[in-house]
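What's in target_11.cif: mmCIF, C-alpha atoms
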data_entry
#
loop_
_atom_site.label_atom_id
_atom_site.label_comp_id
_atom_site.auth_asym_id
_atom_site.auth_seq_id
_atom_site.Cartn_x
_atom_site.Cartn_y
_atom_site.Cartn_z
CA MET Q 1 -54.68 -3.66 34.48
CA HIS Q 2 -53.02 -3.32 31.08
CA GLN Q 3 -50.93 -6.47 31.36
CA GLY Q 4 -53.17 -8.61 29.16
CA ILE Q 5 -53.29 -6.32 26.16
CA ALA Q 6 -49.62 -5.38 26.56
CA PHE Q 7 -48.59 -9.03 26.45
CA ARG Q 8 -50.98 -9.78 23.60
CA THR Q 9 -49.58 -6.86 21.61
CA ALA Q 10 -46.01 -8.01 22.20
CA TYR Q 11 -46.87 -11.61 21.34
CA LEU Q 12 -48.59 -10.70 18.08
CA VAL Q 13 -45.46 -8.82 17.05
CA THR Q 14 -42.83 -11.31 18.23
CA GLY Q 15 -44.65 -14.66 17.98
CA SER Q 16 -42.74 -15.86 21.04
CA ALA Q 17 -44.03 -16.01 24.60
CA GLU Q 18 -40.57 -15.46 25.99
CA ASP Q 19 -39.80 -12.45 23.80
CA ALA Q 20 -43.28 -11.06 24.42
CA GLU Q 21 -42.84 -11.30 28.18
CA GLU Q 22 -39.53 -9.55 27.96
CA ALA Q 23 -40.84 -6.85 25.63
CA ALA Q 24 -43.92 -6.22 27.78
CA THR Q 25 -41.87 -6.14 30.98
CA SER Q 26 -39.34 -3.82 29.51
CA GLY Q 27 -42.12 -1.69 28.03
CA PHE Q 28 -43.73 -1.31 31.44
CA LEU Q 29 -40.41 -0.36 33.00
CA LYS Q 30 -39.71 2.22 30.32
CA ALA Q 31 -43.23 3.58 30.54
CA TYR Q 32 -42.78 3.92 34.27
CA GLN Q 33 -39.47 5.63 33.79
CA ALA Q 34 -40.97 7.98 31.21
CA LEU Q 35 -44.15 8.78 33.14
CA GLY Q 36 -42.90 12.33 33.59
CA ARG Q 37 -43.09 12.80 29.83
CA PHE Q 38 -46.60 11.38 29.58
CA ARG Q 39 -49.12 14.10 28.75
CA ARG Q 40 -52.08 13.80 31.00
CA ASP Q 41 -54.53 15.04 28.42
CA LYS Q 42 -53.78 11.97 26.31
CA PRO Q 43 -55.23 8.51 26.89
CA PHE Q 44 -52.83 6.22 28.72
CA ARG Q 45 -53.40 2.91 26.94
CA PRO Q 46 -52.21 3.86 23.43
CA TRP Q 47 -49.18 5.54 24.96
CA LEU Q 48 -48.27 2.43 26.95
CA LEU Q 49 -48.93 0.15 23.98
CA SER Q 50 -46.78 2.30 21.72
CA ILE Q 51 -43.84 1.71 24.08
CA VAL Q 52 -44.56 -2.01 24.33
CA LEU Q 53 -44.94 -2.29 20.55
CA ASN Q 54 -41.63 -0.60 20.03
CA GLU Q 55 -39.93 -2.93 22.50
CA ALA Q 56 -41.51 -5.90 20.74
CA ARG Q 57 -40.28 -4.73 17.33
CA ASN Q 58 -36.76 -4.38 18.72
CA GLN Q 59 -37.05 -7.81 20.28
CA ARG Q 60 -38.23 -9.33 17.01
CA ARG Q 61 -35.38 -7.68 15.17
CA SER Q 62 -32.69 -8.64 17.66
CA SER Q 63 -33.86 -12.25 17.97
CA GLY Q 64 -33.02 -12.58 14.27
CA ARG Q 65 -35.87 -14.99 13.66
CA VAL Q 66 -39.36 -14.46 12.40
CA ARG Q 67 -41.69 -16.74 14.26
CA ARG Q 68 -45.02 -17.60 12.80
CA LEU Q 69 -48.18 -17.03 14.71
CA GLU Q 70 -50.34 -20.08 15.00
CA LEU Q 71 -54.05 -20.67 15.15
CA ARG Q 72 -55.63 -22.24 18.16
CA ALA Q 73 -55.77 -26.02 18.09
CA ALA Q 74 -59.55 -25.96 18.44
CA GLU Q 75 -59.71 -24.71 14.87
CA GLU Q 76 -58.19 -27.95 13.66
CA ARG Q 77 -60.50 -30.24 15.55
CA ARG Q 78 -63.56 -28.78 13.99
CA SER Q 79 -62.87 -30.42 10.66
CA GLY Q 80 -63.87 -33.78 12.13
CA ASP Q 81 -67.27 -32.55 13.24
CA ALA Q 82 -70.24 -34.34 11.80
CA ALA Q 83 -72.05 -31.16 10.96
CA PRO Q 84 -70.22 -27.96 10.06
CA SER Q 85 -70.44 -25.45 12.88
CA PRO Q 86 -71.70 -21.95 12.11
CA GLU Q 87 -68.18 -20.56 12.34
CA ALA Q 88 -66.94 -23.10 9.84
CA ALA Q 89 -69.39 -21.73 7.35
CA ILE Q 90 -67.95 -18.27 7.81
CA LEU Q 91 -64.29 -19.02 7.52
CA ASP Q 92 -62.63 -22.38 7.57
CA SER Q 93 -59.32 -22.96 9.22
CA GLU Q 94 -57.49 -23.32 5.95
CA ARG Q 95 -58.60 -19.90 4.82
CA ARG Q 96 -57.65 -18.45 8.19
CA GLY Q 97 -54.19 -19.89 7.80
CA GLU Q 98 -53.90 -18.29 4.38
CA LEU Q 99 -55.10 -14.97 5.69
CA LEU Q 100 -52.62 -15.12 8.58
CA GLU Q 101 -49.79 -15.80 6.16
CA ALA Q 102 -50.92 -13.00 3.89
CA VAL Q 103 -50.92 -10.60 6.85
CA ALA Q 104 -47.41 -11.76 7.76
CA ARG Q 105 -46.25 -10.88 4.23
CA LEU Q 106 -47.51 -7.29 4.44
CA PRO Q 107 -45.00 -4.45 4.77
CA GLU Q 108 -44.40 -3.75 8.45
CA GLN Q 109 -46.35 -0.49 8.67
CA GLN Q 110 -49.44 -1.99 7.11
CA ARG Q 111 -49.09 -5.16 9.17
CA LEU Q 112 -48.84 -3.23 12.44
CA THR Q 113 -51.83 -1.09 11.51
CA ILE Q 114 -53.93 -4.18 10.80
CA LEU Q 115 -52.64 -5.77 13.98
CA CYS Q 116 -53.80 -2.80 16.08
CA ARG Q 117 -57.07 -2.24 14.29
CA PHE Q 118 -58.32 -5.81 13.92
CA PHE Q 119 -56.27 -8.17 16.10
CA LEU Q 120 -56.29 -5.82 19.09
CA ASP Q 121 -59.62 -4.27 18.13
CA LEU Q 122 -58.45 -0.70 18.76
CA ASP Q 123 -60.34 2.12 17.08
CA GLU Q 124 -58.66 4.37 14.54
CA THR Q 125 -57.81 7.07 17.07
CA GLU Q 126 -56.18 4.58 19.45
CA THR Q 127 -54.36 2.91 16.57
CA ALA Q 128 -52.99 6.31 15.55
CA GLY Q 129 -51.85 6.88 19.14
CA VAL Q 130 -50.11 3.50 19.35
CA LEU Q 131 -48.32 3.92 16.03
CA GLY Q 132 -47.53 7.58 16.58
CA VAL Q 133 -49.16 8.68 13.31
CA ARG Q 134 -52.20 10.73 12.35
CA ARG Q 135 -55.62 9.20 11.87
CA GLY Q 136 -55.48 9.90 8.17
CA THR Q 137 -52.31 7.82 7.96
CA VAL Q 138 -54.03 4.95 9.75
CA LYS Q 139 -56.89 5.11 7.25
CA SER Q 140 -54.60 5.09 4.24
CA ARG Q 141 -52.41 2.29 5.60
CA LEU Q 142 -55.49 0.23 6.33
CA ALA Q 143 -56.85 0.80 2.85
CA ARG Q 144 -53.55 -0.17 1.26
CA GLY Q 145 -53.14 -3.18 3.55
CA LEU Q 146 -56.65 -4.46 2.90
CA ALA Q 147 -56.25 -3.98 -0.84
CA ARG Q 148 -53.03 -5.91 -0.79
CA LEU Q 149 -54.57 -8.75 1.21
CA ARG Q 150 -57.42 -8.99 -1.29
CA GLU Q 151 -54.92 -9.25 -4.13
CA ASP Q 152 -52.79 -11.73 -2.25
CA LEU Q 153 -55.52 -14.12 -1.22
CA PRO Q 154 -56.70 -16.86 -3.55
CA ASP Q 155 -60.15 -16.17 -4.95
CA ASP Q 156 -63.01 -17.90 -3.22
CA ALA Q 157 -64.87 -20.53 -5.08
CA MET Z 1 -66.36 -10.99 -1.90
CA ARG Z 2 -66.16 -11.96 1.73
CA ASP Z 3 -66.07 -9.30 4.38
CA LEU Z 4 -62.32 -9.06 4.87
CA GLU Z 5 -62.50 -6.80 7.91
CA ARG Z 6 -64.75 -9.25 9.71
CA ASP Z 7 -62.48 -12.11 8.70
CA LEU Z 8 -59.50 -10.27 10.15
CA ARG Z 9 -61.30 -9.68 13.46
CA GLU Z 10 -62.17 -13.36 13.65
CA LEU Z 11 -58.64 -14.28 12.73
CA GLY Z 12 -57.39 -12.13 15.61
CA LEU Z 13 -59.56 -14.13 17.99
CA ALA Z 14 -58.38 -17.43 16.51
CA ILE Z 15 -54.65 -16.74 16.95
CA ALA Z 16 -53.26 -18.83 19.76
CA VAL Z 17 -51.85 -16.38 22.32
CA PRO Z 18 -50.31 -17.97 25.41
CA PRO Z 19 -51.80 -16.94 28.75
CA THR Z 20 -50.42 -13.67 30.02
CA PRO Z 21 -47.57 -14.43 32.41
CA ASP Z 22 -47.35 -12.61 35.69
CA LEU Z 23 -45.19 -9.83 34.35
CA ALA Z 24 -42.38 -9.14 36.72
CA ALA Z 25 -43.74 -8.41 40.15
CA THR Z 26 -41.13 -5.73 40.38
CA VAL Z 27 -42.76 -3.92 37.49
CA ARG Z 28 -46.21 -4.28 38.96
CA ASP Z 29 -45.13 -3.14 42.38
CA GLY Z 30 -43.25 -0.25 40.92
CA LEU Z 31 -46.22 0.84 38.86
CA SER Z 32 -48.95 0.43 41.38
CA SER Z 33 -47.40 1.34 44.68
CA ARG Z 34 -45.52 4.52 44.00
CA PRO Z 35 -45.71 7.45 41.65
CA PRO Z 36 -42.51 8.14 39.75
CA ALA Z 37 -40.07 9.99 41.92
CA PRO Z 38 -39.75 13.62 40.88
CA ARG Z 39 -36.00 13.57 41.27
CA ARG Z 40 -33.47 12.19 38.87
CA LEU Z 41 -33.31 8.80 40.51
CA ARG Z 42 -36.31 6.60 40.14
CA PRO Z 43 -35.62 3.37 41.93
CA VAL Z 44 -37.65 0.62 40.36
CA LEU Z 45 -35.96 -2.28 41.94
CA VAL Z 46 -34.47 -1.77 45.30
CA LEU Z 47 -33.96 -5.28 46.43
CA ALA Z 48 -33.75 -5.87 50.07
CA ILE Z 49 -33.80 -9.51 51.02
CA VAL Z 50 -30.41 -10.61 52.24
CA VAL Z 51 -29.24 -13.77 50.58
CA ALA Z 52 -25.80 -15.21 50.98
CA VAL Z 53 -23.74 -15.19 47.83
CA GLY Z 54 -22.19 -18.52 47.08
CA VAL Z 55 -18.82 -18.05 45.50
CA LEU Z 56 -17.14 -21.42 45.62
CA ALA Z 57 -13.50 -21.77 44.76
CA GLY Z 58 -12.37 -23.87 41.85
CA LEU Z 59 -15.73 -24.62 40.31
CA ALA Z 60 -16.87 -23.75 36.86
CA VAL Z 61 -20.12 -21.92 36.43
CA SER Z 62 -22.92 -24.23 37.46
CA PRO Z 63 -26.21 -22.54 36.85
CA ALA Z 64 -28.27 -25.66 37.42
CA ARG Z 65 -29.54 -24.73 40.84
CA THR Z 66 -29.78 -21.07 40.18
CA ALA Z 67 -33.40 -20.16 39.91
CA ILE Z 68 -34.02 -17.17 37.76
CA LEU Z 69 -36.41 -15.01 39.68
CA ARG Z 70 -36.91 -12.18 37.24
CA TYR Z 71 -35.16 -10.88 34.22
CA PHE Z 72 -35.30 -7.97 31.86
CA GLY Z 73 -33.18 -6.57 29.11
CA ILE Z 74 -31.62 -3.27 28.25
CA GLY Z 75 -29.91 -3.02 24.90
CA ALA Z 76 -27.57 -5.95 24.46
CA VAL Z 77 -27.57 -6.68 28.19
CA HIS Z 78 -29.83 -9.11 29.98
CA VAL Z 79 -30.20 -8.58 33.70
CA GLU Z 80 -31.42 -11.58 35.63
CA LEU Z 81 -32.31 -11.61 39.28
CA VAL Z 82 -31.35 -14.95 40.80
CA ASP Z 83 -31.57 -16.35 44.29
CA ARG Z 84 -27.87 -17.06 44.31
CA LEU Z 85 -24.99 -16.58 41.94
CA PRO Z 86 -23.38 -19.52 40.22
CA ALA Z 87 -19.86 -20.26 41.38
CA VAL Z 88 -17.07 -18.53 39.52
CA GLU Z 89 -13.40 -19.19 39.59
CA PRO Z 90 -11.81 -16.57 41.83
CA GLY Z 91 -8.85 -14.62 40.61
CA ALA Z 92 -9.42 -15.51 36.97
CA PRO Z 93 -7.61 -13.13 34.63
CA LEU Z 94 -9.67 -10.46 33.00
CA VAL Z 95 -10.49 -11.51 29.44
CA LEU Z 96 -11.21 -8.53 27.23
CA GLY Z 97 -10.24 -9.88 23.81
CA SER Z 98 -7.30 -8.74 21.72
CA GLU Z 99 -5.70 -5.37 22.13
CA ILE Z 100 -6.35 -3.16 19.12
CA GLU Z 101 -5.79 0.36 17.90
CA PRO Z 102 -8.98 2.44 18.26
CA ALA Z 103 -9.22 2.73 14.47
CA GLU Z 104 -9.40 -1.08 14.17
CA ALA Z 105 -12.60 -1.35 16.19
CA PRO Z 106 -15.54 -3.00 14.36
CA PHE Z 107 -17.50 0.25 14.70
CA SER Z 108 -16.72 3.87 15.42
CA ILE Z 109 -16.10 3.95 19.16
CA SER Z 110 -17.04 6.71 21.58
CA VAL Z 111 -14.66 7.93 24.25
CA PRO Z 112 -15.62 9.67 27.52
CA THR Z 113 -14.12 13.14 27.23
CA ALA Z 114 -14.23 13.37 31.03
CA LEU Z 115 -11.48 10.73 31.16
CA GLY Z 116 -9.59 11.35 27.94
CA ASP Z 117 -8.05 8.61 25.85
CA PRO Z 118 -8.03 5.11 27.38
CA ASP Z 119 -4.81 3.32 28.31
CA ALA Z 120 -5.71 0.40 26.07
CA VAL Z 121 -8.52 -0.70 23.76
CA TYR Z 122 -9.61 -4.33 23.34
CA ALA Z 123 -12.05 -5.98 20.96
CA SER Z 124 -13.81 -9.31 21.08
CA GLY Z 125 -16.37 -9.84 18.34
CA ASN Z 126 -18.86 -7.05 18.54
CA VAL Z 127 -17.68 -5.89 21.96
CA VAL Z 128 -15.06 -3.16 22.39
CA THR Z 129 -13.62 -2.34 25.81
CA LEU Z 130 -11.72 0.79 26.77
CA LEU Z 131 -9.40 0.13 29.69
CA TYR Z 132 -8.32 2.85 32.08
CA GLY Z 133 -5.48 1.70 34.30
CA SER Z 134 -3.66 -1.54 33.52
CA PRO Z 135 -4.95 -5.11 33.16
CA ASP Z 136 -3.59 -5.86 36.66
CA ARG Z 137 -4.94 -2.72 38.23
CA VAL Z 138 -8.11 -1.77 36.47
CA ARG Z 139 -9.45 1.64 37.33
CA LEU Z 140 -12.37 1.68 34.98
CA LEU Z 141 -13.74 -0.27 32.03
CA VAL Z 142 -15.95 1.27 29.38
CA THR Z 143 -17.56 -1.41 27.24
CA GLU Z 144 -19.33 -0.66 23.98
CA MET Z 145 -21.49 -3.34 22.43
CA GLY Z 146 -22.47 -2.93 18.82
CA TYR Z 147 -25.90 -3.84 17.59
CA SER Z 148 -26.07 -7.58 17.41
CA ALA Z 149 -28.64 -9.90 15.98
CA LEU Z 150 -27.31 -12.97 17.72
CA PRO Z 151 -28.66 -13.96 21.12
CA SER Z 152 -25.27 -15.54 21.84
CA GLU Z 153 -23.69 -12.10 21.67
CA VAL Z 154 -25.86 -10.70 24.42
CA ALA Z 155 -24.16 -9.95 27.69
CA LYS Z 156 -25.77 -11.45 30.73
CA LYS Z 157 -25.70 -10.09 34.25
CA LEU Z 158 -26.86 -12.11 37.17
CA VAL Z 159 -27.73 -10.15 40.27
CA VAL Z 160 -28.80 -11.31 43.68
CA THR Z 161 -31.39 -9.63 45.80
CA THR Z 162 -28.83 -7.67 47.81
CA THR Z 163 -27.72 -5.91 44.66
CA ALA Z 164 -29.62 -2.70 44.02
CA VAL Z 165 -30.75 -2.14 40.45
CA ARG Z 166 -32.36 1.14 39.55
CA PHE Z 167 -33.23 3.20 36.53
CA VAL Z 168 -31.33 6.45 36.17
CA GLU Z 169 -31.10 9.15 33.55
CA ILE Z 170 -27.91 10.04 31.74
CA PRO Z 171 -27.52 13.80 31.24
CA GLY Z 172 -28.14 14.65 27.60
CA SER Z 173 -29.46 11.19 26.70
CA ASP Z 174 -33.04 10.00 26.80
CA GLY Z 175 -32.22 6.34 26.34
CA PRO Z 176 -32.81 3.91 29.18
CA ALA Z 177 -30.05 3.48 31.74
CA LEU Z 178 -29.55 1.09 34.66
CA TRP Z 179 -27.34 1.48 37.70
CA ILE Z 180 -26.27 -1.70 39.44
CA GLU Z 181 -24.67 -1.21 42.82
CA GLY Z 182 -23.89 -3.08 46.00
CA GLU Z 183 -23.21 -6.81 46.06
CA PRO Z 184 -20.98 -7.74 43.10
CA HIS Z 185 -22.95 -9.26 40.26
CA LEU Z 186 -21.95 -11.96 37.83
CA LEU Z 187 -21.13 -10.79 34.34
CA GLU Z 188 -21.08 -13.03 31.30
CA LEU Z 189 -19.74 -11.33 28.19
CA PRO Z 190 -19.61 -13.21 24.90
CA GLY Z 191 -16.29 -15.00 24.51
CA ALA Z 192 -15.12 -14.50 28.10
CA PRO Z 193 -15.49 -16.55 31.27
CA ALA Z 194 -18.05 -15.36 33.79
CA ARG Z 195 -16.64 -12.99 36.37
CA LEU Z 196 -17.84 -10.86 39.22
CA ALA Z 197 -18.37 -7.18 38.48
CA GLY Z 198 -18.77 -4.22 40.78
CA ASN Z 199 -20.76 -1.03 40.37
CA THR Z 200 -21.93 -0.76 36.80
CA LEU Z 201 -23.86 1.70 34.70
CA VAL Z 202 -25.48 0.32 31.54
CA TRP Z 203 -27.21 2.50 29.02
CA VAL Z 204 -28.46 2.55 25.46
CA PRO Z 205 -27.86 5.72 23.51
CA ARG Z 206 -30.08 6.43 20.55
CA ASP Z 207 -27.92 4.73 17.96
CA GLY Z 208 -28.73 1.24 19.25
CA ARG Z 209 -25.37 0.43 20.76
CA THR Z 210 -25.13 -0.55 24.41
CA PHE Z 211 -22.58 1.09 26.70
CA ARG Z 212 -21.46 0.03 30.13
CA ILE Z 213 -19.10 1.56 32.65
CA GLU Z 214 -17.70 -0.62 35.37
CA GLY Z 215 -15.31 0.30 38.11
CA ASP Z 216 -14.80 1.79 41.50
CA VAL Z 217 -17.07 4.73 40.87
CA ASP Z 218 -20.17 6.09 42.52
CA LEU Z 219 -23.29 6.98 40.61
CA ASP Z 220 -22.45 10.67 40.21
CA ASP Z 221 -19.05 9.87 38.70
CA ALA Z 222 -20.53 7.23 36.43
CA LEU Z 223 -23.21 9.63 35.18
CA ARG Z 224 -20.64 12.35 34.58
CA ILE Z 225 -18.47 9.96 32.57
CA ALA Z 226 -21.44 8.60 30.66
CA GLY Z 227 -22.66 12.09 29.83
CA SER Z 228 -19.28 12.91 28.31
CA MET Z 229 -19.18 10.09 25.74
CA ARG Z 230 -18.43 11.56 22.33
#

Output the file's structure as structure tokens, nothing else.
Amino acid sequence: MHQGIAFRTAYLVTGSAEDAEEAATSGFLKAYQALGRFRRDKPFRPWLLSIVLNEARNQRRSSGRVRRLELRAAEERRSGDAAPSPEAAILDSERRGELLEAVARLPEQQRLTILCRFFLDLDETETAGVLGVRRGTVKSRLARGLARLREDLPDDA
Amino acid sequence: MRDLERDLRELGLAIAVPPTPDLAATVRDGLSSRPPAPRRLRPVLVLAIVVAVGVLAGLAVSPARTAILRYFGIGAVHVELVDRLPAVEPGAPLVLGSEIEPAEAPFSISVPTALGDPDAVYASGNVVTLLYGSPDRVRLLVTEMGYSALPSEVAKKLVVTTTAVRFVEIPGSDGPALWIEGEPHLLELPGAPARLAGNTLVWVPRDGRTFRIEGDVDLDDALRIAGSMR
């Protein structure tokens, strides 16, 4: 039931399918092992994802490499289209690549907060649960992260 | 100014994420079919299918035909479930590295107070082994693996389906721990030839090292020894 988002979370952190599978698997096993410590008045998904995220961070650290996330190939093909698609008008693939690189350059705490909030589309309360911080901390990290991205990105023409 | 939050959401959708693999069936089965056992032992993988273990004399490790069924990691140890073990040379001498004084270890070692000081200490790279007994008659090995960033320094264990692998809890430690028991499993430590290993407890204390105890011990003994590491 939670496999998809667990794997997605781990992949966004590690950038490697193999490491993500291992992190998600090991996260599930640890979550299972720790079920006795899970508080039933808390939502399950952020708790599980917090374990998976932690595994993925360890995996990323121990693999000793930082792998870059990549955009889907479909984004590239669009440049040959005769007429620009509606999405192309919103954000072209080049700008997406720049944004992705800018996110990768953020300090880890801000990057993980943006990852949860926008890439996983979790709300602020869930994000706080996954990262083990208060909602106020999520808000301030988001604000700092967004400000930094705005500074870091080239100005639009 | 563009709407950065919207751009980030769209970016999230545009990142190429591989399809979700079928995360280990063992995990799924464990999660869906049984609530966690209330007692100390929570078997996650109790593997039942009987498969013959192929240990062929005189051959080097030949993993080519060994299908990896499932794998997972704990600390610096990878555990892989395979349908048969690669061949290992029988009777190969135990390779533990060079004998050292405890103070020469690459990190501050822990010693199980339940056993007292080891008879010898060996180091190989980031791996330190405490030997109880003698190299010819090993009673117990306590291996400590320091934090390593290199995949080549990860220990690998290959287990077959007649080997039971289960999660356990070490008294006084909330790190993950695995107990491997039954059919000998194949152990590959960095810098040493693959060899067969018996009952083993592997655990990760909070400081990020990985510990393992191997020897002719049952689970209660292993847990008692592990709980006494200082």

Legend entry - Residues of chain Q within 8 Å of chain Z, counting only C-alpha atoms, as JSON, numbers by chain: {"Q": [3, 4, 7, 8, 11, 12, 17, 21, 22, 24, 25, 26, 28, 29, 30, 32, 33, 35, 36, 61, 62, 63, 64, 69, 70, 71, 72, 73, 75, 91, 96, 99, 100, 118, 119, 120, 121, 146, 150, 156]}

Selection to disk with C-alpha atoms, as an mmCIF file, keeping the file's coordinate frame:
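Now in again_36.cif:
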data_model
loop_
_atom_site.group_PDB
_atom_site.id
_atom_site.type_symbol
_atom_site.label_atom_id
_atom_site.label_comp_id
_atom_site.auth_asym_id
_atom_site.auth_seq_id
_atom_site.Cartn_x
_atom_site.Cartn_y
_atom_site.Cartn_z
ATOM 1 C CA GLN Q 3 -50.930 -6.470 31.360
ATOM 2 C CA GLY Q 4 -53.170 -8.610 29.160
ATOM 3 C CA PHE Q 7 -48.590 -9.030 26.450
ATOM 4 C CA ARG Q 8 -50.980 -9.780 23.600
ATOM 5 C CA TYR Q 11 -46.870 -11.610 21.340
ATOM 6 C CA LEU Q 12 -48.590 -10.700 18.080
ATOM 7 C CA ALA Q 17 -44.030 -16.010 24.600
ATOM 8 C CA GLU Q 21 -42.840 -11.300 28.180
ATOM 9 C CA GLU Q 22 -39.530 -9.550 27.960
ATOM 10 C CA ALA Q 24 -43.920 -6.220 27.780
ATOM 11 C CA THR Q 25 -41.870 -6.140 30.980
ATOM 12 C CA SER Q 26 -39.340 -3.820 29.510
ATOM 13 C CA PHE Q 28 -43.730 -1.310 31.440
ATOM 14 C CA LEU Q 29 -40.410 -0.360 33.000
ATOM 15 C CA LYS Q 30 -39.710 2.220 30.320
ATOM 16 C CA TYR Q 32 -42.780 3.920 34.270
ATOM 17 C CA GLN Q 33 -39.470 5.630 33.790
ATOM 18 C CA LEU Q 35 -44.150 8.780 33.140
ATOM 19 C CA GLY Q 36 -42.900 12.330 33.590
ATOM 20 C CA ARG Q 61 -35.380 -7.680 15.170
ATOM 21 C CA SER Q 62 -32.690 -8.640 17.660
ATOM 22 C CA SER Q 63 -33.860 -12.250 17.970
ATOM 23 C CA GLY Q 64 -33.020 -12.580 14.270
ATOM 24 C CA LEU Q 69 -48.180 -17.030 14.710
ATOM 25 C CA GLU Q 70 -50.340 -20.080 15.000
ATOM 26 C CA LEU Q 71 -54.050 -20.670 15.150
ATOM 27 C CA ARG Q 72 -55.630 -22.240 18.160
ATOM 28 C CA ALA Q 73 -55.770 -26.020 18.090
ATOM 29 C CA GLU Q 75 -59.710 -24.710 14.870
ATOM 30 C CA LEU Q 91 -64.290 -19.020 7.520
ATOM 31 C CA ARG Q 96 -57.650 -18.450 8.190
ATOM 32 C CA LEU Q 99 -55.100 -14.970 5.690
ATOM 33 C CA LEU Q 100 -52.620 -15.120 8.580
ATOM 34 C CA PHE Q 118 -58.320 -5.810 13.920
ATOM 35 C CA PHE Q 119 -56.270 -8.170 16.100
ATOM 36 C CA LEU Q 120 -56.290 -5.820 19.090
ATOM 37 C CA ASP Q 121 -59.620 -4.270 18.130
ATOM 38 C CA LEU Q 146 -56.650 -4.460 2.900
ATOM 39 C CA ARG Q 150 -57.420 -8.990 -1.290
ATOM 40 C CA ASP Q 156 -63.010 -17.900 -3.220
#

Inset, instruction - To one decimal in Å, tell me the separation between atom CA of Z:Glu80 and atom CA of Z:Leu158. - result: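 Atom-to-atom, atom CA of Z:Glu80 and atom CA of Z:Leu158 are spaced 4.8 Å apart.
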
Inset, instruction - Using only C-alpha atoms, determine which residues lie at most 10 Å from Q:Thr14, disregarding the query and same-chain residues fewer than 5 positions distant; provide the list as a PyMOL selection string. - result: chain Q and resi 8-9+19-21+23+53+55-61+63+65-69

Suppose we keep C-alpha atoms; can you now write the selection as a short mmCIF file (atom, residue, chain, number, x, y, z; two decimals), in the coordinates of the input?
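Okay, again-v9.cif is ready:
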data_model
loop_
_atom_site.label_atom_id
_atom_site.label_comp_id
_atom_site.auth_asym_id
_atom_site.auth_seq_id
_atom_site.Cartn_x
_atom_site.Cartn_y
_atom_site.Cartn_z
CA ARG Q 8 -50.98 -9.78 23.60
CA THR Q 9 -49.58 -6.86 21.61
CA ASP Q 19 -39.80 -12.45 23.80
CA ALA Q 20 -43.28 -11.06 24.42
CA GLU Q 21 -42.84 -11.30 28.18
CA ALA Q 23 -40.84 -6.85 25.63
CA LEU Q 53 -44.94 -2.29 20.55
CA GLU Q 55 -39.93 -2.93 22.50
CA ALA Q 56 -41.51 -5.90 20.74
CA ARG Q 57 -40.28 -4.73 17.33
CA ASN Q 58 -36.76 -4.38 18.72
CA GLN Q 59 -37.05 -7.81 20.28
CA ARG Q 60 -38.23 -9.33 17.01
CA ARG Q 61 -35.38 -7.68 15.17
CA SER Q 63 -33.86 -12.25 17.97
CA ARG Q 65 -35.87 -14.99 13.66
CA VAL Q 66 -39.36 -14.46 12.40
CA ARG Q 67 -41.69 -16.74 14.26
CA ARG Q 68 -45.02 -17.60 12.80
CA LEU Q 69 -48.18 -17.03 14.71
#

As AutoDock Vina command-line options, please: the centre and edge lengths in Å, to one decimal, of an axis-aligned box enclosing every listed atom of stretch 47-64 of chain Q with 5 Å added on each side.
--center_x -40.9 --center_y -3.5 --center_z 20.6 --size_x 26.5 --size_y 28.1 --size_z 22.7

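The shortest atom-to-atom distance to Z:Val159, with all atoms listed in the file taken into account, belongs to Z:Ala197 out of Z:Ile225, Z:Leu219, Z:Ala197, Z:Val142.
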
Legend entry - d(atom CA of Q:His2, atom CA of Q:Val133) in Å: 21.8 Å

Inset, instruction - Considering only C-alpha atoms, state which residue in the set Q:Cys116, Q:Ala147, Q:Ala31, Q:Leu106 is at the smallest distance from Q:Val130. - result: Q:Cys116

Legend entry - Distance of atom CA of Z:Val111 from atom CA of Z:Arg230, expressed in Å to one decimal place: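 Computing the Euclidean distance for atom CA of Z:Arg230 and atom CA of Z:Val111 yields 5.6 Å.
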
Inset, instruction - Place a sphere of radius 9 Å on (-22.7, -0.7, 26.7) in the file coordinates and name every protein, DNA or RNA residue with an atom inside or on its surface, counting all atoms listed in the file; give the answer as a ChimeraX atom specification. - result: /Z:75-77,127,142-146,201-205,209-213
